[in-house]
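Next up, my_file-v3.txt (compact mmCIF, C-alpha atoms and all ligand atoms):
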```
# COMPACT_ATOMS: atom_id res chain seq x y z
CA MET A 487 -9.18 -21.15 17.04
CA ILE A 488 -6.03 -20.15 15.18
CA ALA A 489 -4.93 -16.60 14.38
CA GLY A 490 -2.33 -14.75 12.34
CA LEU A 491 -1.35 -11.09 12.69
CA ASP A 492 0.27 -9.11 9.88
CA VAL A 493 1.61 -5.74 10.98
CA GLY A 494 2.20 -3.92 7.69
CA SER A 495 3.32 -0.39 6.88
CA THR A 496 -0.17 0.74 5.82
CA LYS A 497 -2.55 -1.74 7.38
CA ILE A 498 -2.69 -4.21 10.23
CA ALA A 499 -4.62 -7.35 9.44
CA THR A 500 -5.56 -10.26 11.63
CA CYS A 501 -7.19 -13.44 10.45
CA VAL A 502 -8.90 -16.00 12.70
CA GLY A 503 -9.85 -19.45 11.51
CA GLN A 504 -11.21 -22.77 12.63
CA TYR A 505 -10.03 -26.03 11.09
CA GLN A 506 -12.64 -28.70 10.47
CA ASP A 507 -12.73 -31.69 8.12
CA GLY A 508 -9.82 -30.49 5.99
CA VAL A 509 -11.28 -27.02 5.47
CA VAL A 510 -10.22 -23.84 7.19
CA ASP A 511 -13.28 -21.77 8.04
CA ILE A 512 -12.41 -18.09 8.42
CA ILE A 513 -14.45 -16.76 11.31
CA GLY A 514 -12.85 -13.35 11.77
CA LEU A 515 -10.87 -10.83 9.78
CA GLY A 516 -9.85 -7.47 11.19
CA SER A 517 -8.07 -4.79 9.22
CA THR A 518 -7.23 -1.26 10.30
CA PRO A 519 -4.94 1.40 8.88
CA SER A 520 -1.52 1.12 10.45
CA SER A 521 0.17 4.04 12.08
CA GLY A 522 3.50 3.95 13.82
CA MET A 523 5.18 1.69 11.23
CA ARG A 524 7.66 2.72 8.56
CA LYS A 525 9.22 0.42 5.95
CA GLY A 526 7.99 -2.61 7.88
CA VAL A 527 9.45 -1.61 11.26
CA VAL A 528 7.91 -0.01 14.34
CA VAL A 529 8.79 3.67 14.69
CA ASP A 530 6.15 4.57 17.30
CA ILE A 531 5.32 1.96 19.95
CA GLU A 532 2.14 3.62 21.24
CA GLU A 533 0.58 4.20 17.84
CA THR A 534 1.40 0.69 16.62
CA THR A 535 0.00 -0.84 19.82
CA SER A 536 -3.25 1.05 19.44
CA SER A 537 -3.57 0.08 15.74
CA ILE A 538 -3.01 -3.59 16.65
CA SER A 539 -5.68 -3.31 19.38
CA GLN A 540 -8.15 -1.93 16.86
CA ALA A 541 -7.52 -4.73 14.38
CA LEU A 542 -7.92 -7.28 17.17
CA ASP A 543 -11.16 -5.69 18.38
CA GLU A 544 -12.57 -5.85 14.89
CA ALA A 545 -11.69 -9.52 14.43
CA GLU A 546 -12.91 -10.41 17.93
CA GLN A 547 -16.27 -8.75 17.29
CA MET A 548 -16.59 -10.72 14.08
CA CYS A 549 -15.78 -14.10 15.61
CA GLY A 550 -17.53 -13.35 18.91
CA SER A 551 -14.73 -14.44 21.24
CA PRO A 552 -11.39 -13.08 22.45
CA ILE A 553 -8.22 -13.93 20.53
CA PRO A 554 -5.67 -15.05 23.11
CA SER A 555 -2.63 -15.57 20.87
CA ALA A 556 -1.38 -15.41 17.31
CA VAL A 557 1.53 -16.08 15.01
CA VAL A 558 2.97 -12.66 14.17
CA GLY A 559 4.67 -11.77 10.89
CA ILE A 560 7.73 -9.58 10.46
CA SER A 561 9.42 -8.18 7.35
CA GLY A 562 11.54 -5.20 6.32
CA SER A 563 15.00 -4.54 5.00
CA HIS A 564 16.60 -5.53 8.34
CA ILE A 565 15.88 -9.17 7.40
CA GLN A 566 18.88 -11.02 6.01
CA SER A 567 19.33 -14.51 4.67
CA THR A 568 22.74 -16.13 4.86
CA SER A 569 23.91 -19.63 4.21
CA ASN A 570 26.08 -21.34 6.78
CA LYS A 571 27.58 -24.76 7.47
CA GLY A 572 27.53 -26.84 10.62
CA VAL A 573 29.74 -29.86 11.33
CA VAL A 574 29.59 -32.44 14.15
CA ALA A 575 31.06 -35.84 14.89
CA ILE A 576 28.42 -38.57 15.07
CA SER A 577 27.95 -39.40 18.74
CA ARG A 578 27.02 -43.11 18.80
CA ALA A 579 29.87 -45.59 18.93
CA ASP A 580 28.32 -47.68 16.12
CA GLY A 581 28.18 -44.55 13.90
CA GLU A 582 24.40 -44.54 13.43
CA ILE A 583 23.05 -41.00 13.07
CA SER A 584 20.38 -40.11 15.62
CA GLU A 585 17.84 -37.25 15.85
CA ASN A 586 20.15 -35.78 18.47
CA ASP A 587 23.04 -35.58 15.96
CA VAL A 588 20.75 -33.79 13.50
CA ASP A 589 19.71 -31.30 16.21
CA ARG A 590 23.34 -30.71 17.13
CA VAL A 591 24.45 -30.10 13.55
CA ILE A 592 21.60 -27.62 13.04
CA GLN A 593 22.62 -25.83 16.25
CA ALA A 594 26.21 -25.76 14.97
CA ALA A 595 25.03 -24.08 11.75
CA LYS A 596 23.31 -21.41 13.86
CA VAL A 597 26.65 -20.00 15.03
CA LEU A 598 27.30 -17.02 12.80
CA PRO A 599 30.45 -14.93 13.21
CA ASN A 600 30.10 -11.15 13.80
CA THR A 601 26.34 -10.91 14.18
CA PRO A 602 25.71 -8.62 17.13
CA ASN A 603 22.17 -7.26 17.48
CA ARG A 604 20.71 -9.90 15.24
CA GLU A 605 18.27 -12.61 16.10
CA ILE A 606 17.75 -15.82 14.16
CA LEU A 607 14.14 -16.26 13.06
CA HIS A 608 14.45 -19.43 10.98
CA ILE A 609 17.07 -22.01 10.19
CA ILE A 610 16.31 -24.10 7.14
CA PRO A 611 18.63 -27.05 6.37
CA ARG A 612 19.08 -27.29 2.58
CA GLN A 613 21.00 -30.54 2.66
CA PHE A 614 23.00 -32.86 4.90
CA ILE A 615 26.42 -34.28 4.07
CA VAL A 616 27.43 -37.63 5.59
CA ASP A 617 31.19 -38.33 5.41
CA GLY A 618 31.45 -36.08 2.36
CA ALA A 619 28.46 -37.62 0.51
CA GLU A 620 26.26 -34.67 -0.44
CA GLY A 621 22.53 -34.33 -1.07
CA VAL A 622 21.22 -36.28 1.93
CA PHE A 623 17.68 -35.26 2.80
CA ASP A 624 17.14 -37.18 6.04
CA PRO A 625 20.32 -38.61 7.59
CA VAL A 626 18.67 -40.28 10.64
CA GLY A 627 19.51 -44.01 10.61
CA MET A 628 22.45 -43.67 8.22
CA ASN A 629 25.97 -44.56 9.34
CA GLY A 630 29.04 -42.35 9.32
CA ILE A 631 31.64 -40.46 11.29
CA ARG A 632 31.05 -36.86 10.30
CA LEU A 633 27.72 -35.08 9.76
CA GLU A 634 27.51 -31.70 8.05
CA THR A 635 24.64 -29.45 7.04
CA GLU A 636 24.26 -26.50 4.72
CA ALA A 637 21.52 -24.27 6.02
CA ILE A 638 19.84 -20.99 5.17
CA ILE A 639 19.58 -18.72 8.17
CA ILE A 640 16.99 -15.97 8.18
CA SER A 641 17.73 -13.35 10.78
CA GLY A 642 16.30 -9.97 11.71
CA GLY A 643 17.46 -6.93 13.66
CA SER A 644 17.01 -7.61 17.41
CA MET A 645 15.52 -4.16 17.99
CA ALA A 646 12.98 -4.50 15.18
CA ILE A 647 11.87 -7.89 16.54
CA LYS A 648 11.80 -6.68 20.14
CA ASN A 649 9.80 -3.52 19.36
CA LEU A 650 7.22 -5.38 17.31
CA SER A 651 6.86 -8.02 20.04
CA LYS A 652 6.44 -5.31 22.65
CA CYS A 653 3.58 -3.69 20.69
CA VAL A 654 1.79 -7.02 20.20
CA LEU A 655 2.11 -7.98 23.88
CA SER A 656 0.99 -4.50 25.00
CA ALA A 657 -2.11 -4.92 22.81
CA GLY A 658 -2.94 -7.96 24.98
CA LEU A 659 -2.03 -10.70 22.53
CA ASP A 660 0.33 -13.59 23.31
CA ILE A 661 2.87 -14.39 20.62
CA GLN A 662 3.08 -18.03 19.56
CA GLU A 663 5.92 -17.34 17.13
CA VAL A 664 7.42 -14.47 15.16
CA VAL A 665 7.66 -15.59 11.53
CA TYR A 666 9.29 -13.95 8.52
CA SER A 667 6.09 -12.98 6.65
CA PRO A 668 6.96 -14.22 3.13
CA LEU A 669 7.47 -17.76 4.45
CA ALA A 670 3.93 -17.64 5.79
CA SER A 671 2.47 -16.13 2.60
CA ALA A 672 4.23 -18.90 0.67
CA LYS A 673 2.39 -21.48 2.79
CA ALA A 674 -0.89 -20.02 1.59
CA LEU A 675 0.00 -19.38 -2.05
CA ILE A 676 2.71 -21.73 -3.31
CA SER A 677 2.30 -25.44 -3.91
CA LYS A 678 4.89 -28.08 -3.00
CA GLN A 679 5.35 -28.81 -6.69
CA GLN A 680 6.12 -25.16 -7.49
CA MET A 681 8.61 -25.09 -4.60
CA GLU A 682 10.29 -28.23 -5.90
CA LEU A 683 10.61 -26.85 -9.44
CA GLY A 684 11.83 -23.39 -8.43
CA VAL A 685 9.65 -20.36 -7.84
CA ALA A 686 9.93 -16.86 -6.39
CA LEU A 687 7.32 -15.13 -4.27
CA MET A 688 7.28 -11.38 -4.70
CA ASP A 689 5.28 -9.42 -2.13
CA ILE A 690 4.80 -5.80 -3.17
CA GLY A 691 3.66 -4.03 -0.03
CA ALA A 692 3.31 -0.33 0.56
CA GLN A 693 6.82 0.43 1.70
CA THR A 694 8.67 -2.85 1.26
CA THR A 695 8.96 -5.45 -1.48
CA SER A 696 10.23 -8.88 -0.59
CA VAL A 697 11.39 -11.61 -2.90
CA THR A 698 11.82 -15.15 -1.64
CA ILE A 699 13.24 -17.84 -3.89
CA PHE A 700 12.33 -21.49 -3.32
CA GLU A 701 13.97 -24.50 -4.93
CA GLU A 702 13.99 -28.23 -4.20
CA GLY A 703 11.16 -27.69 -1.74
CA ASP A 704 12.76 -25.04 0.43
CA VAL A 705 13.99 -21.48 0.69
CA LEU A 706 17.12 -20.72 -1.29
CA HIS A 707 17.38 -16.96 -0.74
CA THR A 708 15.28 -14.04 0.46
CA THR A 709 15.55 -10.30 0.67
CA ALA A 710 13.28 -7.33 1.38
CA ILE A 711 13.96 -4.00 -0.30
CA PRO A 712 12.70 -0.73 1.20
CA LEU A 713 10.62 0.19 -1.86
CA GLY A 714 6.95 -0.46 -2.41
CA SER A 715 3.70 0.70 -3.95
CA SER A 716 3.52 3.89 -1.84
CA HIS A 717 6.62 5.10 -3.71
CA ILE A 718 4.57 4.92 -6.90
CA THR A 719 1.86 7.04 -5.25
CA ASN A 720 4.49 9.59 -4.17
CA ASP A 721 5.97 9.70 -7.69
CA ILE A 722 2.51 10.38 -9.16
CA ALA A 723 1.85 13.12 -6.58
CA ILE A 724 5.16 14.80 -7.44
CA GLY A 725 4.75 14.31 -11.21
CA LEU A 726 1.21 15.75 -11.31
CA ARG A 727 1.62 18.13 -8.34
CA THR A 728 -1.47 16.70 -6.67
CA SER A 729 -2.14 15.48 -3.13
CA ILE A 730 -1.18 11.97 -1.99
CA ASP A 731 -4.88 11.03 -1.70
CA VAL A 732 -5.61 11.95 -5.31
CA ALA A 733 -2.41 10.25 -6.50
CA GLU A 734 -3.44 7.05 -4.66
CA LYS A 735 -6.89 7.10 -6.31
CA ILE A 736 -5.32 7.65 -9.73
CA LYS A 737 -2.92 4.75 -9.19
CA ILE A 738 -5.63 2.33 -8.08
CA LYS A 739 -8.33 3.29 -10.60
CA HIS A 740 -6.35 4.27 -13.70
CA GLY A 741 -2.75 3.21 -13.15
CA ALA A 742 -1.07 0.81 -15.59
CA ALA A 743 2.23 -0.97 -15.24
CA LYS A 744 3.03 -0.51 -18.93
CA ALA A 745 2.75 2.89 -20.56
CA GLU A 746 1.83 1.26 -23.90
CA GLN A 747 -1.56 0.35 -22.39
CA TYR A 748 -2.64 3.93 -23.12
CA ASN A 749 -2.22 6.02 -26.22
CA ASP A 750 -1.19 9.68 -26.35
CA LYS A 751 -4.77 10.95 -26.49
CA ASP A 752 -6.07 9.14 -23.37
CA SER A 753 -6.61 11.67 -20.63
CA LEU A 754 -8.09 11.88 -17.16
CA ASP A 755 -10.10 14.77 -15.83
CA LEU A 756 -8.89 15.22 -12.24
CA SER A 757 -12.13 16.95 -11.19
CA THR A 758 -13.75 13.48 -11.22
CA LEU A 759 -11.46 12.49 -8.34
CA SER A 760 -11.10 15.71 -6.36
CA ASP A 761 -12.87 19.03 -5.84
CA MET A 762 -9.53 20.80 -5.59
CA ASP A 763 -8.19 19.84 -9.03
CA ASN A 764 -9.62 20.60 -12.44
CA ASP A 765 -6.72 19.79 -14.76
CA SER A 766 -6.76 17.14 -17.41
CA VAL A 767 -3.74 14.82 -17.30
CA SER A 768 -2.32 12.31 -19.75
CA LEU A 769 -2.88 8.69 -18.70
CA LYS A 770 0.15 7.66 -20.74
CA TYR A 771 2.30 10.09 -18.74
CA ILE A 772 0.96 8.65 -15.45
CA SER A 773 1.73 5.13 -16.60
CA GLU A 774 5.24 6.17 -17.66
CA ILE A 775 5.81 7.32 -14.06
CA ILE A 776 4.49 3.98 -12.74
CA GLU A 777 6.47 1.91 -15.22
CA ALA A 778 9.70 3.72 -14.37
CA ARG A 779 9.36 2.96 -10.66
CA LEU A 780 8.26 -0.63 -11.22
CA ASN A 781 11.22 -1.17 -13.53
CA GLU A 782 13.58 0.10 -10.86
CA MET A 783 12.08 -2.39 -8.39
CA LEU A 784 12.14 -5.27 -10.88
CA LEU A 785 15.76 -4.64 -11.79
CA MET A 786 16.70 -4.81 -8.11
CA ILE A 787 14.85 -8.11 -7.92
CA ARG A 788 16.58 -9.36 -11.05
CA ASP A 789 19.92 -8.63 -9.34
CA GLU A 790 18.80 -10.74 -6.38
CA LEU A 791 17.81 -13.61 -8.69
CA ARG A 792 21.16 -13.26 -10.45
CA SER A 793 23.05 -13.37 -7.14
CA VAL A 794 21.84 -16.95 -6.64
CA GLY A 795 22.04 -17.94 -10.33
CA LYS A 796 18.26 -17.90 -10.86
CA ASP A 797 17.86 -14.98 -13.28
CA GLY A 798 15.44 -16.32 -15.89
CA MET A 799 15.89 -19.81 -14.42
CA LEU A 800 12.82 -20.52 -12.27
CA PRO A 801 10.50 -22.99 -14.04
CA ALA A 802 7.50 -22.16 -11.84
CA GLY A 803 8.18 -18.45 -12.30
CA ILE A 804 7.08 -15.57 -10.11
CA VAL A 805 4.05 -15.57 -7.82
CA LEU A 806 2.95 -12.03 -7.02
CA THR A 807 1.19 -10.86 -3.89
CA GLY A 808 0.78 -7.80 -1.63
CA GLY A 809 -1.52 -4.84 -2.36
CA GLY A 810 0.89 -3.39 -4.91
CA CYS A 811 0.65 -6.39 -7.25
CA GLN A 812 -2.88 -5.36 -8.23
CA ILE A 813 -1.77 -2.61 -10.52
CA ASN A 814 -3.14 -3.19 -13.98
CA GLY A 815 -0.78 -5.08 -16.33
CA LEU A 816 1.88 -5.89 -13.74
CA THR A 817 2.12 -9.59 -14.56
CA ASP A 818 2.97 -8.76 -18.20
CA LEU A 819 5.68 -6.32 -17.14
CA VAL A 820 7.15 -8.91 -14.73
CA LYS A 821 7.12 -11.57 -17.47
CA GLU A 822 8.97 -9.26 -19.85
CA THR A 823 11.51 -7.81 -17.44
CA LEU A 824 12.37 -10.97 -15.54
CA ARG A 825 11.86 -13.33 -18.52
CA LEU A 826 9.83 -15.73 -16.35
CA PRO A 827 6.22 -16.86 -16.05
CA ALA A 828 4.25 -14.68 -13.62
CA GLN A 829 0.86 -14.89 -11.93
CA ILE A 830 -1.01 -13.39 -9.00
CA GLY A 831 -1.09 -15.83 -6.07
CA LYS A 832 -4.37 -17.31 -4.81
CA PRO A 833 -4.79 -19.35 -1.59
CA LEU A 834 -4.30 -23.07 -2.26
CA GLN A 835 -5.97 -24.47 0.83
CA PRO A 836 -9.75 -24.85 0.70
CA LEU A 837 -11.03 -21.89 2.69
CA SER A 838 -14.59 -21.05 3.55
CA GLY A 839 -16.11 -17.80 4.76
CA MET A 840 -15.31 -14.33 3.38
CA ILE A 841 -13.82 -15.85 0.22
CA ASP A 842 -13.72 -12.57 -1.71
CA LYS A 843 -11.45 -10.97 0.90
CA LEU A 844 -9.29 -14.04 1.26
CA ASN A 845 -8.47 -14.05 -2.44
CA ASP A 846 -7.34 -10.43 -2.15
CA PRO A 847 -3.51 -10.16 -2.27
CA LEU A 848 -3.73 -7.59 0.55
CA TYR A 849 -4.63 -10.38 2.98
CA SER A 850 -2.39 -13.23 1.81
CA THR A 851 0.18 -12.57 4.55
CA CYS A 852 -2.32 -12.73 7.42
CA VAL A 853 -3.98 -15.82 5.90
CA GLY A 854 -0.51 -17.39 5.54
CA LEU A 855 0.34 -16.60 9.16
CA MET A 856 -2.87 -18.27 10.24
CA MET A 857 -1.96 -21.36 8.15
CA TRP A 858 1.52 -21.38 9.69
CA ASN A 859 -0.17 -21.35 13.08
CA LEU A 860 -2.37 -24.28 12.10
CA GLU A 861 0.58 -26.31 10.85
CA ASN A 862 3.03 -25.57 13.65
CA HIS A 863 0.93 -24.79 16.71
CA GLY A 864 -2.54 -25.84 15.63
CA SER A 865 -5.12 -28.39 16.53
CA ILE A 866 -3.00 -31.50 15.99
CA ARG A 867 -0.30 -30.35 18.39
CA GLN A 868 -2.77 -29.04 20.92
CA ASN A 869 -4.64 -32.34 20.88
CA SER A 870 -1.43 -34.23 21.43
CA LYS A 871 -0.66 -31.91 24.36
CA VAL A 872 -4.01 -32.78 25.88
CA ASP A 873 -3.24 -36.45 25.41
CA PHE A 874 0.14 -36.09 27.08
CA SER A 875 -1.36 -34.39 30.10
CA LYS A 876 -3.92 -37.20 30.35
CA MET A 877 -1.09 -39.69 30.09
CA GLY A 878 0.75 -37.74 32.80
CA THR A 879 -2.11 -38.07 35.25
CA ALA A 880 -2.51 -41.75 34.35
CA VAL A 881 1.20 -42.34 35.03
CA ASP A 882 0.97 -40.43 38.32
CA LYS A 883 -2.02 -42.51 39.39
CA ALA A 884 -0.17 -45.70 38.47
CA ARG A 885 2.83 -44.49 40.46
CA GLY A 886 0.61 -43.75 43.47
CA PHE A 887 -0.95 -47.18 43.12
CA LEU A 888 2.47 -48.90 43.00
CA LYS A 889 3.75 -46.87 45.95
CA GLN A 890 1.24 -48.60 48.18
CA PHE A 891 3.15 -51.82 47.66
CA MET A 892 6.61 -50.31 48.11
CA PRO A 893 8.45 -50.46 51.40
N1 LIG B 901 -5.89 -2.11 -6.67
C1 LIG B 901 -4.67 -1.65 -6.38
N2 LIG B 901 -3.83 -1.29 -7.35
C2 LIG B 901 -2.59 -0.84 -7.07
N3 LIG B 901 -2.10 -0.72 -5.83
C3 LIG B 901 -2.89 -1.07 -4.81
C4 LIG B 901 -4.20 -1.57 -5.01
N4 LIG B 901 -4.75 -1.84 -3.80
C5 LIG B 901 -3.81 -1.54 -2.88
N5 LIG B 901 -2.69 -1.06 -3.48
C6 LIG B 901 -1.46 -0.60 -2.83
O1 LIG B 901 -0.97 -1.62 -2.00
C7 LIG B 901 -0.26 -1.06 -0.90
C8 LIG B 901 -0.68 -1.77 0.36
O2 LIG B 901 -0.31 -3.12 0.25
P1 LIG B 901 -0.13 -4.05 1.52
O3 LIG B 901 -1.34 -3.98 2.38
O4 LIG B 901 0.29 -5.36 1.01
O5 LIG B 901 1.06 -3.29 2.26
P2 LIG B 901 1.52 -3.42 3.78
O6 LIG B 901 1.55 -4.85 4.16
O7 LIG B 901 0.73 -2.50 4.64
O8 LIG B 901 2.98 -2.81 3.70
P3 LIG B 901 4.41 -3.50 3.85
O9 LIG B 901 4.26 -4.94 3.47
O10 LIG B 901 5.27 -2.73 2.91
O11 LIG B 901 4.80 -3.29 5.28
C9 LIG B 901 -0.59 0.43 -0.87
O12 LIG B 901 0.55 1.18 -1.27
C10 LIG B 901 -1.72 0.56 -1.89
O13 LIG B 901 -1.63 1.77 -2.60
MG MG B 902 2.87 -6.47 3.84
```

Show me the file's structure as structure tokens.
Ligand SMILES: Nc1ncnc2c1ncn2[C@@H]1O[C@H](COP(=O)(O)OP(=O)(O)OP(=O)(O)O)[C@@H](O)[C@H]1O
Ligand SMILES: [Mg+2]
Amino acid sequence: MIAGLDVGSTKIATCVGQYQDGVVDIIGLGSTPSSGMRKGVVVDIEETTSSISQALDEAEQMCGSPIPSAVVGISGSHIQSTSNKGVVAISRADGEISENDVDRVIQAAKVLPNTPNREILHIIPRQFIVDGAEGVFDPVGMNGIRLETEAIIISGGSMAIKNLSKCVLSAGLDIQEVVYSPLASAKALISKQQMELGVALMDIGAQTTSVTIFEEGDVLHTTAIPLGSSHITNDIAIGLRTSIDVAEKIKIKHGAAKAEQYNDKDSLDLSTLSDMDNDSVSLKYISEIIEARLNEMLLMIRDELRSVGKDGMLPAGIVLTGGGCQINGLTDLVKETLRLPAQIGKPLQPLSGMIDKLNDPLYSTCVGLMMWNLENHGSIRQNSKVDFSKMGTAVDKARGFLKQFMP
């Protein structure tokens, strides 16, 4: 049984799967509204803990057994990606590079100056350099004197990581790993080929939007901005002077990313959505509000793409996910503003059980976290652990047997 837990700003989702014959069978999915989180970080430990417990209960009831542990996702604007270099001298006298040298050079790249209160979540080597020769993918077995690496380091605020971990542990769940959520979503939604060519994953959540750029098979850059789909809801509520609930319904049912989708005469009678309102509002005006906010977000993302020289330069384009990507006409607006192909991401891995929910962009992060679990802590590793322990007892027995003959 493998599980992923996504603690979002508006909902907490947990996904439990079983891997059999190349297919992941989803046996449990729990989702509850999240309280105690703001912009992707915990602001109330008790409330977050109780929301996590509820999501776990729901998933446990569905799969009929307790969930002991999960891979937990984290995001928010405290996440930073930096590139850093590490350099070591090759240790063996004959100059052959060993696994140990590679480990040491990666450790050397982990040393960042002036980073108090930050914790490294991931270190991703982009390339190795052997005696000045760049572009080495796997240096083990090569010969040289000096080994360097250029790596991307993804770090988060220590407090944000600690507080989230505390809530998860208090809810009775062991943490297998804390993973930067977009890396997990990418596992579920982006193919190796897209990652090779160059692609960006854009997760529009409620209060955060992350963009993660992949090229040559790995992460090139990532950032999370503290703006999301709930800001659109707030803008509509202010613009129409309605409640947040009505604004949310308007956004989901009638919202459009491009104002040109409606003409001046299209109107919406608010009494169909609420007993308290009886005005008629222009749908074009609502979509102008939405378009303005989406443009602001997309321009920030364009700046991020530009900062790494990828503005308009990603052949596999933009893959959209997160609840906020479902707004009508968003892919067209993204194509126009970022001058790149755009599509809504769908899980790549064959999944069975609850397919309709699994294709929903709201759940791609928790599905991705479950996949991450499968790949890094899943059945293959656990089986090998079992084998090792068996080997251990066999070795002990052999030792005991040999001891009989020793003086
Ligand atoms: N059909 C829809 N059209 C437009 N927006 C939608 C739709 N369905 C959900 N949303 C919006 O998606 C947001 C929730 O998305 P999601 O669950 O990905 O966020 P989250 O993970 O809780 O938040 P975050 O990632 O920011 O911490 C809400 O703001 C909601 O209004
Ligand atoms: Mg999210």

Legend entry - Protein and nucleic residues near ligand LIG 901 (chain B), 7 Å, all atoms listed in the file, as a ChimeraX atom specification: /A:493-498,525-526,690-695,714-716,719,734,737-738,808-814,847-848

Dump C-alpha atoms for the selected residues as a CSV table (one decimal), in the frame of the given file?
```csv
chain,number,residue,atom,x,y,z
A,493,VAL,CA,1.6,-5.7,11.0
A,494,GLY,CA,2.2,-3.9,7.7
A,495,SER,CA,3.3,-0.4,6.9
A,496,THR,CA,-0.2,0.7,5.8
A,497,LYS,CA,-2.6,-1.7,7.4
A,498,ILE,CA,-2.7,-4.2,10.2
A,525,LYS,CA,9.2,0.4,6.0
A,526,GLY,CA,8.0,-2.6,7.9
A,690,ILE,CA,4.8,-5.8,-3.2
A,691,GLY,CA,3.7,-4.0,0.0
A,692,ALA,CA,3.3,-0.3,0.6
A,693,GLN,CA,6.8,0.4,1.7
A,694,THR,CA,8.7,-2.8,1.3
A,695,THR,CA,9.0,-5.4,-1.5
A,714,GLY,CA,7.0,-0.5,-2.4
A,715,SER,CA,3.7,0.7,-4.0
A,716,SER,CA,3.5,3.9,-1.8
A,719,THR,CA,1.9,7.0,-5.2
A,734,GLU,CA,-3.4,7.0,-4.7
A,737,LYS,CA,-2.9,4.8,-9.2
A,738,ILE,CA,-5.6,2.3,-8.1
A,808,GLY,CA,0.8,-7.8,-1.6
A,809,GLY,CA,-1.5,-4.8,-2.4
A,810,GLY,CA,0.9,-3.4,-4.9
A,811,CYS,CA,0.6,-6.4,-7.2
A,812,GLN,CA,-2.9,-5.4,-8.2
A,813,ILE,CA,-1.8,-2.6,-10.5
A,814,ASN,CA,-3.1,-3.2,-14.0
A,847,PRO,CA,-3.5,-10.2,-2.3
A,848,LEU,CA,-3.7,-7.6,0.6
```

Inset, instruction - Kindly indicate which residue among A:Ser696, A:Val767, A:Lys744, A:Gly684 lies nearest to ligand MG 902 (chain B), using only C-alpha atoms and all ligand atoms for the distances. - result: A:Ser696

Inset, instruction - Between A:Asp492, A:Asp750, A:Glu546, A:Glu634, single out the one closest to ligand MG 902 (chain B), counting all atoms listed in the file. - result: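 Checking each candidate against ligand MG 902 (chain B), we get A:Asp492 as the closest.
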
Inset, instruction - Within 9 Å of Ile639 of chain A, counting all atoms listed in the file, which residues show up once you throw out same-chain ones fewer than 3 positions away? Write them as a PyMOL selection string, please. - result: chain A and resi 566-570+595-596+606-611

Inset, instruction - Could you check how far atom CA of Leu837 of chain A sits from atom MG of ligand MG 902 (chain B), in Å to one decimal? - result: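 These atoms are spaced 20.8 Å apart.
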
Can you patch up segment 510-522 of chain A, filling it in to N, CA and C atoms, and show the result as a compact mmCIF listing (two decimals), in the frame of the given file?
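part_3.txt, freshly written:
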```txt
# COMPACT_ATOMS: atom_id res chain seq x y z
N VAL A 510 -10.39 -24.90 6.21
CA VAL A 510 -10.22 -23.84 7.19
C VAL A 510 -11.37 -22.85 7.02
N ASP A 511 -12.15 -22.70 8.08
CA ASP A 511 -13.28 -21.77 8.04
C ASP A 511 -12.82 -20.46 8.67
N ILE A 512 -12.85 -19.38 7.89
CA ILE A 512 -12.41 -18.09 8.42
C ILE A 512 -13.57 -17.46 9.18
N ILE A 513 -13.34 -17.26 10.48
CA ILE A 513 -14.45 -16.76 11.31
C ILE A 513 -14.24 -15.30 11.71
N GLY A 514 -13.07 -14.76 11.43
CA GLY A 514 -12.85 -13.35 11.77
C GLY A 514 -11.72 -12.76 10.95
N LEU A 515 -11.92 -11.53 10.52
CA LEU A 515 -10.87 -10.83 9.78
C LEU A 515 -10.94 -9.36 10.18
N GLY A 516 -9.86 -8.88 10.77
CA GLY A 516 -9.85 -7.47 11.19
C GLY A 516 -8.77 -6.74 10.43
N SER A 517 -9.09 -5.56 9.94
CA SER A 517 -8.07 -4.79 9.22
C SER A 517 -8.23 -3.32 9.54
N THR A 518 -7.16 -2.70 10.00
CA THR A 518 -7.23 -1.26 10.30
C THR A 518 -6.00 -0.59 9.71
N PRO A 519 -6.13 0.70 9.38
CA PRO A 519 -4.94 1.40 8.88
C PRO A 519 -3.86 1.38 9.95
N SER A 520 -2.62 1.23 9.50
CA SER A 520 -1.52 1.12 10.45
C SER A 520 -0.87 2.48 10.62
N SER A 521 -0.66 2.87 11.88
CA SER A 521 0.17 4.04 12.08
C SER A 521 1.27 3.63 13.05
N GLY A 522 2.39 4.29 12.94
CA GLY A 522 3.50 3.95 13.82
C GLY A 522 4.46 2.96 13.22
```
